[in-house]
Every structure is written in C-alpha cells, then in structure tokens.
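Trainee: So that we are looking at the same thing, I have put the structure below in structure tokens.
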Amino acid sequence: MSLSNNVLSVASRQYVYKLKANTSGVYSLIFIQVLALLFSLSGIQSMSSASDTLIVNVKYYSGDIMIAFTFIWIFFMALRLTSINYRTMDFTLVTNRLSSHLSNVGLLLTAIVFGGISSSLMGFVLKIIMYFAFDRSQIGVNGFYPVVSNILLGIITTGLYMTLIASMGYLLGILIQIHVLFVVLYPSALFGLARVNPQVLKLSYDFFASETSPLIFAIRIILSSLILFSLSCLLSNRMEVRK
Amino acid sequence: MSIIGLPIAVVILVIVIMLASKLVTIVVTFMSWRKSAIIAGVYLLGLILSVVIAAVLPNNGFGLMERSHTGGSIQKGDVWVTTYPSIRTQKDFESQPGLYLNSRQTFKIDQGTVKLGFAPNPGHFQIYVEQKETDDGKIDVLTYSTPFYVGDIDYTKLLQPPKVTFQDGLLVIEPVRQTLTLKLFKTNFTLSQFEGKNAVNLQNGLSSSFGWSDVLLRVPKSTEIDKGQNYLQYLDKD
C-alpha cells in the first residue's frame with residue numbers, strides 16, 4: 001500500500017516537473033493548428049459536375065484537417081517522450097520505470113485534453129473567417145451554428161482518438177529504444193500489410209472508425225490504449241538501465 | 001489521395017513539425033513555463049470565445065438556406081425520366097412530386113396568325129401542351145424544375161428558369177447557362193461516425209439528380225403549334 005502510494009506521489013511530482021519542462025509543446029500545437037486552419041480555408045473536399053446548361057462546384061469545409069494535424073502532433077509528442085534526451089532527463093529525478101511511465105502518461109493525457117479541446121473548437125474559427133471573408137450567398141447555413149452536445153461529443157471523441165494514437169507513438173518510441181531498426185520496420189510492416197492484405201488494416205480501422213455507439217467506441221479505445229501502454233511498460237522493463 | 005501523395009504529404013508535415021520544434025526551441029529560450037501556460041490559457045479562451053461568436057452571428061445573408069425535401073414519396077433521382085411516361089393529363093403533371101414552378105409568363109397572341117415555333121436546340125426541355133377550353137388570345141408558359149440535390153439537400157430553388165420570349169409569332173425558350181458555387185459545412189469525422197457514416201466515406205456528395213426543366217404551354221383552343229424538331233406532349237383533359 002505504502003509502496004503504491006509512494007510510486008503515485010513520485011509519479012505526480014515527476015508529472016509536475018515534466019509538465020513545466022514540456023509547456024513548449026503548446027507552441028508547436030498552436031503553430032500546426034494555425035497551419036491546418038490555413039489549409040482548411042481551401043476546403044477539404046471539392047466536386048464539380050456539369051450539364052449543358054448547369055455547372056455545379058461544391059466545396060466542403062470542416063475541421064478534419066485541424067484534427068488530423070493534431071493527431072500527428074500527439075504522435076510525435078508521445079514519440080519524443082521516449083527519446084534518449086527525455087529518458088536521460090529522468091535520471092536527474094528520483095524515479096523508477098513505472099513512475100516514469102505514469103508521469104509520461106499523465107503528461108500525454110494533459111496534452112490530449114488541450115489538443116482535443118483546441119482542435120475541436122478550431123472549426124469555429126474557420127467558420128467565423130468564412131462568414132466574414134467569403135461570399136455568404138454561396139455558403140450553406142447547415143452546420144454553421146454550434147450545438148453544445150455535438151461540441152462535447154466531438155471533444156471526447158477527438159481526445160479518445162488522440163489517446164490511441166499517443167499510445168501507438170509511445171509504443172513505437174519504446175521499440176525504437178530496444179532497436180533502432182524499428183524506425184524502419186514499423187512503417188514498413190504497415191505498408192507491407194496494406195499491400196499484401198489490406199483487409200486486415202481495413203478491419204482494424206473499421207473496429208474504431210466505423211463504430212456508431214459512443215460507449216462501445218470509448219471502451220474499445222480505452223482498452224486498446226491500456227494494452228498498448230502496458231506493452232510499452234513491459235517492454236521497457238526488459239531494457240538495460242540506461243539504454 | 002494517391003498512394004504517392006499520402007507519403008509525400010506526411011513527409012512535408014513531418015518537416016514542418018521539425019521546423020516548428022526548432023522555432024519552438026528558440027521561443028522557449030525567452031519563455032518561462034508560466035508564460036507558456038498563460039499563452040495556452042489565452043489560446044483556449046480565444047477558441048471558446050469563437051464558439052460564442054459563431055453562435056451569435058446573425059444568419060441573414062446566407063444564400064443557401066438549405067431544406068431537406070419533405071415531398072413524401074419522392075425519391076432522389078431524375079423525376080423527369082422516371083415519371084415522364086405516366087404524365088398524361090394536367091392533373092398528372094401537377095401531382096408530380098418535387099416539381100418546382102420557377103417561372104410563369106403570359107403572352108398575348110394574335111388570333112389571325114397563331115403559329116408558334118421554337119428556337120433550334122432549346123436544350124433539355126420536356127414540353128407539355130395543354131389546350132384551353134376557350135380562345136382567350138393568351139398563351140401561358142409555365143416552367144418547372146425537377147429536384148436538384150447535393151447530397152441529401154434539395155437546392156432546386158437555386159436553379160434559374162429558362163428564358164422565354166415571344167415575338168412575331170415565335171416562342172423562344174432558351175436555357176440559361178448557370179454556374180452554381182456551393183460552400184457547405186461537413187460534420188467532423190469524429191462526429192459523423194456516430195451518424196452511421198464511415199469516417200473516410202466521401203461518397204455522400206453530388207447526386208445524379210440534376211434539375212431538368214419541364215415547360216407547360218397553356219394555349220388557346222384553336223392555336224396550332226409548329227413544333228419544328230421538338231417533341232411535344234399534349235396533355236389530355238381529365
């Protein structure tokens with residue numbers, strides 16, 4: 001009991017230290033979200049169709065690019081936490097592997113909360129810019145005005161996706177620590193699988209992205225992330241002390 | 001995105017993130033964690049404010065006040081093709097689901113010279129003729145449009161009616177060339193998956209229904225029509 005309390009208190013102190021040391025991540029997130037906003041202004045999807053007398057150009061706008069960029073950001077944040085520099089920083093603190101992982105996960109969850117809220121709300125900045133900068137007579141009003149329940153669901157879903165992506169990035173980081181060859185092996189395996197048996201990738205994609213029940217979706221994401229984080233802990237326990 | 005395009009996009013993004021992190025390193029030199037936390041808070045506050053601003057913006061000025069079709073049995077698709085053979089009477093014509101009357105004009109005609117002609121190549125029109133019971137010296141031209149959908153939304157009202165002129169016994173129906181630019185909001189994929197749409201399913205776009213024009217001519221009883229190359233369908237009395 002006292003041991004677990006000790007680990008938790010050490011991990012929470014480490015979390016505070018690491019949070020202070022990593023607040024700079026905010027700037028890179030703001031930067032890529034603003035960049036994504038600029039990309040989004042040209043639309044995420046467009047279509048044209050024509051008959052003899054009618055030409056129709058349709059452009060769709062959404063916050064998808066901003067959310068996708070935030071996913072990539074959290075992946076690299078997770079990957080960075082397992083890098084040599086950050087692991088060396090751990091040795092300046094009183095720590096063990098477990099408390100280090102717990103504080104890292106805490107840090108990632110903080111980043112996920114911030115990233116999930118900001119990327120979901122960034123879509124409204126896009127809408128406001130469109131409202132004032134574009135010819136409003138061409139804009140469809142459907143989907144323009146905020147609905148609180150949709151905003152909340154969007155934030156939670158984005159956060160859940162980010163948790164899964166962060167756990168994947170964290171695992172990749174640990175694998176790279178075990179052997180640097182995983183830098184190449186991991187994407188090659190995914191690419192190879194996509195070529196040889198795309199059905200497997202589609203199934204794993206559908207397992208999350210095609211789930212229509214928010215509760216089941218949340219359970220799937222949380223369980224998968226827990227498995228991936230646990231795997232990271234297990235694998236890192238087998239590593240040398242300062243590798 | 002093509003199989004080559006995606007990796008290139010990812011590589012570009014990774015380079016951008018690396019450059020951003022370098023930039024961040026420079027910025028961080030001058031920033032304490034407190035300042036960073038304040039900036040993060042201000043950023044979030046700004047985003048929350050943007051939701052409030054979006055909520056209170058007036059909705060006048062939007063050109064596309066979209067409406068979902070409530071035409072009961074109407075199916076998405078080309079009504080002109082699917083219903084054409086069943087139109088025999090004026091009642092049939094008026095009861096067609098989704099037909100939208102977009103112009104109505106009346107021209108006075110000289111009873112002595114009641115020959116009408118159509119300009120060549122009038123476009124994709126189906127022309128129906130109803131002979132009135134009397135010789136009132138007037139020809140009514142009613143133009144209709146069949147439904148025009150983008151996705152599930154009916155934009156038929158945006159279609160311009162054909163230009164109709166009558167001069168020296170010649171009725172000219174000219175299609176109006178029109179370019180429609182629609183800017184539509186799509187639900188984020190993190191939400192649309194709970195609406196039963198697959199996150200990467202982008203098929204729910206432009207439908208095949210393209211808004212053809214139907215023209216109804218109501219002509220005096222004794223009026224003869226020189227139809228030229230055009231096919232006219234005469235409507236029976238009920």
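So you can find residues: chains in the structure tokens are A, B, ... in the order shown, residues in each start at 1, and ligands are numbered from 1 in order.
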Considering only strand (DSSP E or B) as DSSP defines it on the backbone, what residues of stretch 8-194 of chain A qualify? List them as number ranges by chain.

Mentor: A: 45-50, 54-61, 139-140

Trainee: Within 7 Å of chain B, which residues of chain A are there when counting only C-alpha atoms? Please give them as a VMD selection string.

Mentor: chain A and resid 20 23 to 24 26 to 28 53 to 64 118 121 to 122 124 to 125 128 136 to 146 154 157 to 158 209 to 214

Trainee: What separation in Å, quoted to one decimal, exists between atom CA of B:Gln233 and atom CA of B:Lys157?

Mentor: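 Going from atom CA of B:Gln233 over to atom CA of B:Lys157 covers 25.3 Å.
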
Trainee: Calculate how many Å separate atom CA of A:Lys202 from atom CA of A:Ile112, rounding to one decimal.

Mentor: 25.3 Å

Trainee: Could you list, as number ranges by chain, every residue within 7 Å of B:Asn102, counting only C-alpha atoms and ignoring same-chain residues fewer than 4 positions away?

Mentor: B: 143-145, 161

Trainee: In Å, with one decimal, what is the gap from atom CA of A:Ile165 to atom CA of A:Ile74?

Mentor: 7.1 Å

Trainee: I want to know what sits within 8 Å of A:Arg80, based on only C-alpha atoms, with residues of the same chain fewer than 4 positions away left out; could you give that as a compact mmCIF listing (two decimals) with C-alpha atoms, in the first residue's frame?

Mentor:
# COMPACT_ATOMS: atom_id res chain seq x y z
CA PHE A 76 5.29 12.91 -32.20
CA TYR A 86 13.94 12.81 -22.27
CA GLY A 173 9.27 5.04 -29.16

Trainee: Could you check the closest approach to B:Gly169 for each of B:Leu217, B:Ile109, B:Leu142, B:Leu232 and tell me which residue wins, using only C-alpha atoms?

Mentor: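 Selected residue with least distance to B:Gly169: B:Ile109.
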
Trainee: Determine which residues of stretch 10-209 of chain A DSSP labels as helix (DSSP H, G or I) from the backbone of this structure, then write them out as a PyMOL selection string.

Mentor: chain A and resi 10-21+25-40+64-81+84-90+97-133+136-138+148-178+182-196+198-209

Trainee: Between A:Asn237, A:Ser42, A:Thr82, A:Ser224, which residue has the minimum interatomic distance to A:Leu172, considering only C-alpha atoms?

Mentor: A:Thr82
